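Just run-v2.cif here, mmCIF, C-alpha atoms, pLDDT in the B column; chains and numbers go by the auth columns:
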```cif
data_coords
loop_
_atom_site.group_PDB
_atom_site.id
_atom_site.type_symbol
_atom_site.label_atom_id
_atom_site.label_comp_id
_atom_site.label_asym_id
_atom_site.label_seq_id
_atom_site.Cartn_x
_atom_site.Cartn_y
_atom_site.Cartn_z
_atom_site.B_iso_or_equiv
_atom_site.auth_seq_id
_atom_site.auth_asym_id
ATOM 1 C CA MET A 1 -24.115 16.512 -134.497 43.00 1 M
ATOM 2 C CA SER A 2 -21.512 14.669 -136.525 45.00 2 M
ATOM 3 C CA SER A 3 -17.760 14.712 -136.158 41.00 3 M
ATOM 4 C CA THR A 4 -16.360 17.171 -138.645 46.00 4 M
ATOM 5 C CA PRO A 5 -13.266 18.956 -139.904 47.00 5 M
ATOM 6 C CA ALA A 6 -14.382 22.015 -137.951 44.00 6 M
ATOM 7 C CA ARG A 7 -14.056 20.065 -134.701 46.00 7 M
ATOM 8 C CA ILE A 8 -10.504 18.768 -135.227 40.00 8 M
ATOM 9 C CA ALA A 9 -8.813 22.140 -135.426 42.00 9 M
ATOM 10 C CA VAL A 10 -6.392 22.286 -132.526 41.00 10 M
ATOM 11 C CA PRO A 11 -6.262 25.454 -130.413 43.00 11 M
ATOM 12 C CA GLY A 12 -2.909 27.067 -131.077 45.00 12 M
ATOM 13 C CA ASP A 13 -2.664 25.586 -134.549 45.00 13 M
ATOM 14 C CA THR A 14 -2.061 28.876 -136.268 41.00 14 M
ATOM 15 C CA ARG A 15 -2.242 27.304 -139.691 43.00 15 M
ATOM 16 C CA ALA A 16 -5.786 25.977 -139.150 44.00 16 M
ATOM 17 C CA LEU A 17 -7.061 28.966 -137.232 44.00 17 M
ATOM 18 C CA SER A 18 -5.245 31.728 -139.028 43.00 18 M
ATOM 19 C CA ALA A 19 -7.251 34.919 -139.348 45.00 19 M
ATOM 20 C CA THR A 20 -5.183 35.952 -142.376 48.00 20 M
ATOM 21 C CA ALA A 21 -7.394 36.809 -145.307 53.00 21 M
ATOM 22 C CA VAL A 22 -7.453 34.077 -147.936 53.00 22 M
ATOM 23 C CA PRO A 23 -9.066 34.028 -151.373 63.00 23 M
ATOM 24 C CA VAL A 24 -12.692 32.921 -151.367 67.00 24 M
ATOM 25 C CA PRO A 25 -12.678 29.333 -152.698 76.00 25 M
ATOM 26 C CA GLU A 26 -14.544 28.221 -155.781 82.00 26 M
ATOM 27 C CA LEU A 27 -17.381 25.721 -155.578 88.00 27 M
ATOM 28 C CA PRO A 28 -16.547 22.334 -157.135 86.00 28 M
ATOM 29 C CA GLY A 29 -19.876 21.977 -158.942 89.00 29 M
ATOM 30 C CA THR A 30 -23.127 23.668 -159.844 91.00 30 M
ATOM 31 C CA ALA A 31 -25.628 24.692 -157.182 93.00 31 M
ATOM 32 C CA GLU A 32 -28.077 22.043 -158.369 93.00 32 M
ATOM 33 C CA GLU A 33 -25.482 19.234 -158.301 95.00 33 M
ATOM 34 C CA LEU A 34 -24.221 20.085 -154.839 96.00 34 M
ATOM 35 C CA ALA A 35 -27.739 20.640 -153.507 97.00 35 M
ATOM 36 C CA ALA A 36 -28.822 17.233 -154.808 96.00 36 M
ATOM 37 C CA SER A 37 -25.939 15.558 -152.964 97.00 37 M
ATOM 38 C CA ALA A 38 -26.692 17.594 -149.845 97.00 38 M
ATOM 39 C CA ALA A 39 -30.374 16.604 -149.919 97.00 39 M
ATOM 40 C CA ILE A 40 -29.346 12.934 -149.869 96.00 40 M
ATOM 41 C CA ARG A 41 -27.056 13.540 -146.889 96.00 41 M
ATOM 42 C CA LEU A 42 -29.829 15.365 -145.086 96.00 42 M
ATOM 43 C CA GLY A 43 -32.379 12.652 -145.798 95.00 43 M
ATOM 44 C CA TRP A 44 -34.632 15.095 -147.630 95.00 44 M
ATOM 45 C CA HIS A 45 -36.895 13.209 -150.029 94.00 45 M
ATOM 46 C CA GLY A 46 -38.393 15.115 -152.904 95.00 46 M
ATOM 47 C CA VAL A 47 -37.629 16.902 -156.143 96.00 47 M
ATOM 48 C CA VAL A 48 -34.469 19.021 -156.068 97.00 48 M
ATOM 49 C CA LEU A 49 -35.522 22.058 -158.065 97.00 49 M
ATOM 50 C CA PRO A 50 -33.248 24.303 -160.129 96.00 50 M
ATOM 51 C CA GLU A 51 -31.802 27.246 -158.230 96.00 51 M
ATOM 52 C CA MET A 52 -34.378 30.024 -157.962 96.00 52 M
ATOM 53 C CA VAL A 53 -34.883 33.373 -156.264 95.00 53 M
ATOM 54 C CA LEU A 54 -37.346 33.386 -153.363 95.00 54 M
ATOM 55 C CA MET A 55 -37.858 36.418 -151.155 92.00 55 M
ATOM 56 C CA GLY A 56 -34.799 37.973 -152.774 93.00 56 M
ATOM 57 C CA ARG A 57 -32.557 34.999 -151.901 95.00 57 M
ATOM 58 C CA ARG A 58 -30.998 32.580 -154.359 96.00 58 M
ATOM 59 C CA VAL A 59 -31.782 29.086 -153.079 98.00 59 M
ATOM 60 C CA VAL A 60 -32.439 25.497 -154.110 98.00 60 M
ATOM 61 C CA VAL A 61 -35.740 24.075 -152.860 98.00 61 M
ATOM 62 C CA VAL A 62 -36.459 20.413 -152.224 97.00 62 M
ATOM 63 C CA ALA A 63 -40.202 19.791 -152.533 97.00 63 M
ATOM 64 C CA GLU A 64 -42.774 17.037 -152.848 97.00 64 M
ATOM 65 C CA LEU A 65 -45.850 17.254 -155.047 97.00 65 M
ATOM 66 C CA MET A 66 -48.972 16.416 -153.036 97.00 66 M
ATOM 67 C CA ALA A 67 -50.805 14.202 -155.525 96.00 67 M
ATOM 68 C CA ASP A 68 -54.347 14.571 -154.141 97.00 68 M
ATOM 69 C CA ALA A 69 -54.182 18.347 -153.852 97.00 69 M
ATOM 70 C CA HIS A 70 -52.585 18.646 -157.285 98.00 70 M
ATOM 71 C CA ALA A 71 -55.309 16.457 -158.825 97.00 71 M
ATOM 72 C CA GLU A 72 -57.994 18.606 -157.200 97.00 72 M
ATOM 73 C CA ARG A 73 -56.453 21.759 -158.598 97.00 73 M
ATOM 74 C CA VAL A 74 -56.180 20.252 -162.061 97.00 74 M
ATOM 75 C CA CYS A 75 -59.892 19.333 -161.922 97.00 75 M
ATOM 76 C CA VAL A 76 -60.954 22.879 -161.105 95.00 76 M
ATOM 77 C CA GLY A 77 -58.388 24.560 -163.330 96.00 77 M
ATOM 78 C CA ALA A 78 -56.512 26.186 -160.444 97.00 78 M
ATOM 79 C CA GLY A 79 -52.923 26.311 -161.634 96.00 79 M
ATOM 80 C CA PRO A 80 -50.050 27.912 -159.736 98.00 80 M
ATOM 81 C CA GLU A 81 -50.720 31.546 -158.801 97.00 81 M
ATOM 82 C CA ALA A 82 -47.552 33.652 -158.906 96.00 82 M
ATOM 83 C CA ASP A 83 -49.184 37.017 -158.194 97.00 83 M
ATOM 84 C CA ARG A 84 -48.337 37.887 -154.605 96.00 84 M
ATOM 85 C CA THR A 85 -51.218 40.336 -154.195 97.00 85 M
ATOM 86 C CA THR A 86 -53.742 37.717 -155.240 97.00 86 M
ATOM 87 C CA VAL A 87 -52.279 35.054 -152.971 97.00 87 M
ATOM 88 C CA SER A 88 -52.235 37.453 -150.025 96.00 88 M
ATOM 89 C CA THR A 89 -56.046 37.409 -150.046 96.00 89 M
ATOM 90 C CA TRP A 90 -56.128 33.632 -149.651 96.00 90 M
ATOM 91 C CA VAL A 91 -55.454 33.815 -145.921 94.00 91 M
ATOM 92 C CA TRP A 92 -58.347 36.171 -145.210 95.00 92 M
ATOM 93 C CA PRO A 93 -60.943 34.552 -142.926 93.00 93 M
ATOM 94 C CA GLU A 94 -63.712 35.174 -145.440 95.00 94 M
ATOM 95 C CA MET A 95 -61.759 33.212 -148.063 94.00 95 M
ATOM 96 C CA GLU A 96 -61.688 29.996 -146.057 91.00 96 M
ATOM 97 C CA GLY A 97 -62.885 27.082 -148.179 90.00 97 M
ATOM 98 C CA ARG A 98 -62.765 29.168 -151.350 93.00 98 M
ATOM 99 C CA VAL A 99 -59.071 28.961 -152.242 95.00 99 M
ATOM 100 C CA PRO A 100 -57.122 26.079 -153.788 96.00 100 M
ATOM 101 C CA PRO A 101 -55.192 23.824 -151.419 95.00 101 M
ATOM 102 C CA SER A 102 -51.402 23.886 -151.189 96.00 102 M
ATOM 103 C CA ALA A 103 -50.199 21.385 -153.751 97.00 103 M
ATOM 104 C CA VAL A 104 -46.576 21.001 -152.694 97.00 104 M
ATOM 105 C CA LYS A 105 -44.774 20.305 -149.462 95.00 105 M
ATOM 106 C CA ILE A 106 -41.495 22.160 -149.077 95.00 106 M
ATOM 107 C CA VAL A 107 -39.115 19.623 -147.533 95.00 107 M
ATOM 108 C CA GLY A 108 -36.228 22.037 -147.142 95.00 108 M
ATOM 109 C CA VAL A 109 -34.354 24.992 -148.571 97.00 109 M
ATOM 110 C CA LEU A 110 -30.645 24.934 -149.451 97.00 110 M
ATOM 111 C CA ALA A 111 -28.264 27.777 -150.144 98.00 111 M
ATOM 112 C CA VAL A 112 -25.074 26.903 -152.019 97.00 112 M
ATOM 113 C CA ALA A 113 -22.420 29.560 -151.565 96.00 113 M
ATOM 114 C CA ARG A 114 -18.689 30.191 -151.604 94.00 114 M
ATOM 115 C CA HIS A 115 -18.791 32.095 -148.297 95.00 115 M
ATOM 116 C CA TRP A 116 -20.739 31.208 -145.147 95.00 116 M
ATOM 117 C CA ARG A 117 -22.115 34.728 -144.719 95.00 117 M
ATOM 118 C CA THR A 118 -23.708 34.625 -148.157 96.00 118 M
ATOM 119 C CA GLY A 119 -25.067 31.148 -147.469 96.00 119 M
ATOM 120 C CA LEU A 120 -26.607 32.072 -144.137 97.00 120 M
ATOM 121 C CA ALA A 121 -28.087 35.300 -145.489 97.00 121 M
ATOM 122 C CA SER A 122 -29.936 33.165 -148.036 97.00 122 M
ATOM 123 C CA ALA A 123 -30.913 30.228 -145.806 97.00 123 M
ATOM 124 C CA VAL A 124 -31.815 31.791 -142.452 96.00 124 M
ATOM 125 C CA PRO A 125 -35.047 33.521 -143.607 94.00 125 M
ATOM 126 C CA PHE A 126 -36.434 30.080 -144.451 94.00 126 M
ATOM 127 C CA ALA A 127 -35.370 28.461 -141.168 93.00 127 M
ATOM 128 C CA ARG A 128 -38.379 29.974 -139.409 88.00 128 M
ATOM 129 C CA TYR A 129 -40.692 28.061 -141.728 88.00 129 M
ATOM 130 C CA GLY A 130 -38.911 24.703 -141.928 90.00 130 M
ATOM 131 C CA ASN A 131 -35.637 22.966 -142.678 95.00 131 M
ATOM 132 C CA ALA A 132 -32.767 25.039 -144.025 96.00 132 M
ATOM 133 C CA ALA A 133 -29.168 24.229 -144.890 97.00 133 M
ATOM 134 C CA VAL A 134 -26.086 25.711 -146.531 98.00 134 M
ATOM 135 C CA VAL A 135 -23.437 24.044 -148.688 97.00 135 M
ATOM 136 C CA LEU A 136 -19.939 25.519 -148.558 97.00 136 M
ATOM 137 C CA PRO A 137 -16.477 24.614 -149.887 96.00 137 M
ATOM 138 C CA THR A 138 -14.635 22.315 -147.441 94.00 138 M
ATOM 139 C CA SER A 139 -11.733 24.727 -147.019 91.00 139 M
ATOM 140 C CA VAL A 140 -14.066 27.174 -145.268 91.00 140 M
ATOM 141 C CA ALA A 141 -14.254 24.836 -142.252 88.00 141 M
ATOM 142 C CA PHE A 142 -10.606 25.500 -141.367 87.00 142 M
ATOM 143 C CA THR A 143 -10.872 29.275 -141.165 91.00 143 M
ATOM 144 C CA HIS A 144 -10.952 31.216 -137.923 93.00 144 M
ATOM 145 C CA ASP A 145 -13.912 33.231 -139.216 94.00 145 M
ATOM 146 C CA TYR A 146 -15.994 30.077 -139.712 94.00 146 M
ATOM 147 C CA LEU A 147 -15.166 28.640 -136.303 93.00 147 M
ATOM 148 C CA THR A 148 -15.768 31.780 -134.288 95.00 148 M
ATOM 149 C CA ASN A 149 -18.517 33.518 -136.254 95.00 149 M
ATOM 150 C CA CYS A 150 -20.404 31.011 -138.387 96.00 150 M
ATOM 151 C CA LEU A 151 -20.824 28.045 -136.024 95.00 151 M
ATOM 152 C CA PRO A 152 -22.572 29.999 -133.240 95.00 152 M
ATOM 153 C CA ARG A 153 -25.002 31.456 -135.767 95.00 153 M
ATOM 154 C CA VAL A 154 -25.957 28.193 -137.461 95.00 154 M
ATOM 155 C CA ARG A 155 -26.599 26.604 -134.070 93.00 155 M
ATOM 156 C CA ARG A 156 -28.749 29.553 -133.042 94.00 156 M
ATOM 157 C CA TYR A 157 -30.910 29.385 -136.157 94.00 157 M
ATOM 158 C CA GLY A 158 -30.956 25.595 -136.523 94.00 158 M
ATOM 159 C CA VAL A 159 -29.386 25.646 -139.975 96.00 159 M
ATOM 160 C CA SER A 160 -27.472 22.579 -141.192 97.00 160 M
ATOM 161 C CA VAL A 161 -24.040 23.034 -142.782 97.00 161 M
ATOM 162 C CA LEU A 162 -22.559 20.721 -145.387 97.00 162 M
ATOM 163 C CA MET A 163 -19.122 20.857 -146.972 97.00 163 M
ATOM 164 C CA ALA A 164 -18.207 20.101 -150.589 96.00 164 M
ATOM 165 C CA ASP A 165 -14.623 19.041 -151.299 94.00 165 M
ATOM 166 C CA THR A 166 -12.727 19.524 -154.542 91.00 166 M
ATOM 167 C CA GLU A 167 -14.129 16.249 -155.879 91.00 167 M
ATOM 168 C CA SER A 168 -17.713 17.414 -155.222 91.00 168 M
ATOM 169 C CA ASN A 169 -18.139 14.982 -152.322 94.00 169 M
ATOM 170 C CA VAL A 170 -20.585 16.477 -149.834 96.00 170 M
ATOM 171 C CA THR A 171 -20.344 15.729 -146.100 96.00 171 M
ATOM 172 C CA MET A 172 -22.233 16.941 -143.051 96.00 172 M
ATOM 173 C CA ASP A 173 -20.453 19.445 -140.817 95.00 173 M
ATOM 174 C CA VAL A 174 -23.265 20.673 -138.555 94.00 174 M
ATOM 175 C CA THR A 175 -26.622 18.966 -138.158 93.00 175 M
ATOM 176 C CA GLY A 176 -29.312 21.580 -137.670 89.00 176 M
ATOM 177 C CA ARG A 177 -32.999 21.245 -137.063 81.00 177 M
ATOM 178 C CA ASN A 178 -34.545 18.569 -139.273 72.00 178 M
ATOM 179 C CA GLU A 179 -38.229 18.470 -138.468 67.00 179 M
ATOM 180 C CA HIS A 180 -41.501 17.991 -140.281 62.00 180 M
ATOM 181 C CA VAL A 181 -43.631 20.561 -138.506 60.00 181 M
ATOM 182 C CA PRO A 182 -46.753 21.889 -140.240 63.00 182 M
ATOM 183 C CA VAL A 183 -46.188 25.468 -141.344 69.00 183 M
ATOM 184 C CA GLU A 184 -48.866 28.009 -140.539 75.00 184 M
ATOM 185 C CA ASP A 185 -50.468 29.517 -143.620 83.00 185 M
ATOM 186 C CA THR A 186 -49.503 33.151 -144.013 91.00 186 M
ATOM 187 C CA ALA A 187 -49.546 35.406 -147.042 94.00 187 M
ATOM 188 C CA THR A 188 -45.811 34.804 -147.449 93.00 188 M
ATOM 189 C CA THR A 189 -45.800 31.028 -147.003 94.00 189 M
ATOM 190 C CA ARG A 190 -48.730 30.565 -149.390 96.00 190 M
ATOM 191 C CA TRP A 191 -47.042 32.730 -152.021 96.00 191 M
ATOM 192 C CA VAL A 192 -43.738 30.870 -151.690 96.00 192 M
ATOM 193 C CA ASN A 193 -45.639 27.595 -151.904 96.00 193 M
ATOM 194 C CA GLU A 194 -47.256 28.717 -155.167 98.00 194 M
ATOM 195 C CA LEU A 195 -43.910 29.712 -156.682 97.00 195 M
ATOM 196 C CA VAL A 196 -42.462 26.338 -155.740 97.00 196 M
ATOM 197 C CA TYR A 197 -45.551 24.588 -157.124 98.00 197 M
ATOM 198 C CA GLU A 198 -45.047 26.410 -160.403 97.00 198 M
ATOM 199 C CA GLN A 199 -41.393 25.333 -160.495 97.00 199 M
ATOM 200 C CA VAL A 200 -42.221 21.699 -159.655 97.00 200 M
ATOM 201 C CA LEU A 201 -44.634 21.519 -162.584 97.00 201 M
ATOM 202 C CA ALA A 202 -42.154 23.219 -164.905 95.00 202 M
ATOM 203 C CA THR A 203 -39.426 20.785 -163.895 92.00 203 M
ATOM 204 C CA ALA A 204 -41.699 17.777 -164.410 85.00 204 M
ATOM 205 C CA SER A 205 -42.822 18.868 -167.877 77.00 205 M
#
```
Turn this file's structure into structure tokens for me.
Amino acid sequence: MSSTPARIAVPGDTRALSATAVPVPELPGTAEELAASAAIRLGWHGVVLPEMVLMGRRVVVVAELMADAHAERVCVGAGPEADRTTVSTWVWPEMEGRVPPSAVKIVGVLAVARHWRTGLASAVPFARYGNAAVVLPTSVAFTHDYLTNCLPRVRRYGVSVLMADTESNVTMDVTGRNEHVPVEDTATTRWVNELVYEQVLATAS
């Protein structure tokens, strides 16, 4: 875990830890710009996709195209399948060996938000499947709400937190889980993978 603005707040410093309501700060850049900078800080290698909605959450996905699997799918004409009902059948035991392989690897999922609660609500559902992070305005780190309510939650769920200052410089505040663990195929993970595959191809075209 890196040294951060959130760690230098001094107990008793009422200015830094004030619970007084303050206006929600604006983000200094677009979600895609800040996510791209965050991915570099996190060491996530892959394509930073445009912000998209997955499982009802607005997120930015960093993904890698798996060349061999993609080539196989091109050969058999198996493009991305966005229909969730269809994809849900792919994990049935009787379908083993009869469905196209996953063609992308999801490196991580980022949520860029003005408030930590919004960011966590978007990122946490993906933390169970892999790496997840949130990008917030730097000023959030000095609020009492962030220190007492956000930090315990991000540590519990293994979510990384990065801060973007007014010049769009992104720095690490909390280092969460950053692993490359194979994700078990479920109806949900396969469907998400297909949506990301579709977006990767659209971005590359």
Quiz prompt | Best match for closeness to Thr85 of chain M among M:Val60, M:Trp191, M:Ala204, M:Val196, counting all atoms listed in the file | solution =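 Under the stated criterion, the closest residue is M:Trp191.
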Practice problem: List the neighbours of Arg41 of chain M out to 9 Å using all atoms listed in the file; skip same-chain residues closer than 5 positions along the sequence, and give me the result as a list in words. | Solution: Ala36, Leu162, Val170, Thr171 and Met172 of chain M
Quiz item: Hey, which of M:Leu147, M:Ala141, M:Val174, M:Val159 ends up closest to Leu110 of chain M? Count all atoms listed in the file.
Solution: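 Of the candidates, the smallest distance to Leu110 of chain M is held by M:Val159.
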Practice problem: Would you work out the distance separating atom CA of Gly29 of chain M from atom CA of Tyr157 of chain M, expressed in Å to one decimal? | Solution: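 Computing it gives 26.4 Å between the two atoms.
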Could you give me, as a PDB file with C-alpha atoms, in the frame of the given file, the residues within 10 Å of Gly119 of chain M, counting all atoms listed in the file and dropping anything in the same chain fewer than 6 positions from it?
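Everything below was put into selection19.pdb:
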```pdb
ATOM      1  CA  ARG M  57     -32.557  34.999-151.901  1.00 95.00           C
ATOM      2  CA  ARG M  58     -30.998  32.580-154.359  1.00 96.00           C
ATOM      3  CA  VAL M  59     -31.782  29.086-153.079  1.00 98.00           C
ATOM      4  CA  LEU M 110     -30.645  24.934-149.451  1.00 97.00           C
ATOM      5  CA  ALA M 111     -28.264  27.777-150.144  1.00 98.00           C
ATOM      6  CA  VAL M 112     -25.074  26.903-152.019  1.00 97.00           C
ATOM      7  CA  ALA M 113     -22.420  29.560-151.565  1.00 96.00           C
ATOM      8  CA  ALA M 133     -29.168  24.229-144.890  1.00 97.00           C
ATOM      9  CA  VAL M 134     -26.086  25.711-146.531  1.00 98.00           C
ATOM     10  CA  VAL M 135     -23.437  24.044-148.688  1.00 97.00           C
ATOM     11  CA  LEU M 136     -19.939  25.519-148.558  1.00 97.00           C
ATOM     12  CA  VAL M 161     -24.040  23.034-142.782  1.00 97.00           C
TER      13      VAL M 161
END
```
Quiz item: Residues at most 12 Å from Val87 of chain M, counting only C-alpha atoms, excluding those fewer than 4 positions away in the same chain, as a PyMOL selection string?
Solution: chain M and resi 80-83+91-92+95+99-102+185-195
Quiz prompt | Atom-to-atom span, atom CA of Thr86 of chain M and atom CA of Ala67 of chain M, Å | solution =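 One can read the atom CA of Thr86 of chain M to atom CA of Ala67 of chain M distance as 23.7 Å.
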Exercise. Specify as a list in words each residue included when the PyMOL selection byres ((chain M and resi 175-179) around 10) is applied to this file.
Key: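 When the PyMOL selection byres ((chain M and resi 175-179) around 10) is applied to the shown file, the picked residues are Met1, Ser2, Leu42, Gly43, Trp44, Val107, Gly108, Ala127, Gly130, Asn131, Ala132, Ala133, Val154, Arg155, Arg156, Tyr157, Gly158, Val159, Ser160, Val161, Leu162, Met172, Asp173, Val174, His180, Val181 and Pro182 of chain M.
The closest residue to Val74 of chain M, picked from M:Thr89, M:Val62, M:Ser37, M:Leu201 and counting only C-alpha atoms, is M:Leu201.
Taking atom CA of Val53 of chain M and atom CA of Arg153 of chain M as endpoints, the distance between them is 22.8 Å.
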Practice problem: Counting only C-alpha atoms, figure out which residue out of M:Ala78, M:Met66, M:Val61, M:Ala71 gets nearest to Ala38 of chain M. | Solution: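 Closest residue, counting only C-alpha atoms: M:Val61.
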Quiz item: Which residue gives the smallest distance to Pro125 of chain M among M:Leu54, M:Lys105, M:Leu34, M:Glu64, with only C-alpha atoms counted?
Solution: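 Smallest separation from Pro125 of chain M among the options: M:Leu54.
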Quiz prompt | Exercise: residues within 12 Å of coordinate (-41.1, 23.3, -164.8), counting only C-alpha atoms, as number ranges by chain | solution = M: 47-50, 52, 80, 195-205
Taking the file as shown, what set of residues would the PyMOL selection byres ((chain M and resi 25) around 12) give back, as an mmCIF file with C-alpha atoms, in the frame of the given file?
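Result file follows (part34.cif):
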```
data_model
loop_
_atom_site.group_PDB
_atom_site.id
_atom_site.type_symbol
_atom_site.label_atom_id
_atom_site.label_comp_id
_atom_site.auth_asym_id
_atom_site.auth_seq_id
_atom_site.Cartn_x
_atom_site.Cartn_y
_atom_site.Cartn_z
ATOM 1 C CA ALA M 21 -7.394 36.809 -145.307
ATOM 2 C CA VAL M 22 -7.453 34.077 -147.936
ATOM 3 C CA PRO M 23 -9.066 34.028 -151.373
ATOM 4 C CA VAL M 24 -12.692 32.921 -151.367
ATOM 5 C CA GLU M 26 -14.544 28.221 -155.781
ATOM 6 C CA LEU M 27 -17.381 25.721 -155.578
ATOM 7 C CA PRO M 28 -16.547 22.334 -157.135
ATOM 8 C CA ALA M 113 -22.420 29.560 -151.565
ATOM 9 C CA ARG M 114 -18.689 30.191 -151.604
ATOM 10 C CA HIS M 115 -18.791 32.095 -148.297
ATOM 11 C CA TRP M 116 -20.739 31.208 -145.147
ATOM 12 C CA LEU M 136 -19.939 25.519 -148.558
ATOM 13 C CA PRO M 137 -16.477 24.614 -149.887
ATOM 14 C CA THR M 138 -14.635 22.315 -147.441
ATOM 15 C CA SER M 139 -11.733 24.727 -147.019
ATOM 16 C CA VAL M 140 -14.066 27.174 -145.268
ATOM 17 C CA ALA M 141 -14.254 24.836 -142.252
ATOM 18 C CA THR M 143 -10.872 29.275 -141.165
ATOM 19 C CA ALA M 164 -18.207 20.101 -150.589
ATOM 20 C CA ASP M 165 -14.623 19.041 -151.299
ATOM 21 C CA THR M 166 -12.727 19.524 -154.542
#
```
Quiz prompt | Nearest to Ala69 of chain M, chosen from M:Ala103, M:Met163, M:Cys150, M:Val109, with only C-alpha atoms counted in the distances | solution =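 For Ala69 of chain M, the nearest of the given residues is M:Ala103.
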Mind working out the centre and edge lengths of an axis-aligned box for segment 43-53 of chain M, all listed atoms inside, 4 Å added to each side, rounded to one decimal in Å and written as AutoDock Vina command-line options?
```
--center_x -35.1 --center_y 23.0 --center_z -153.0 --size_x 14.6 --size_y 28.7 --size_z 22.3
```
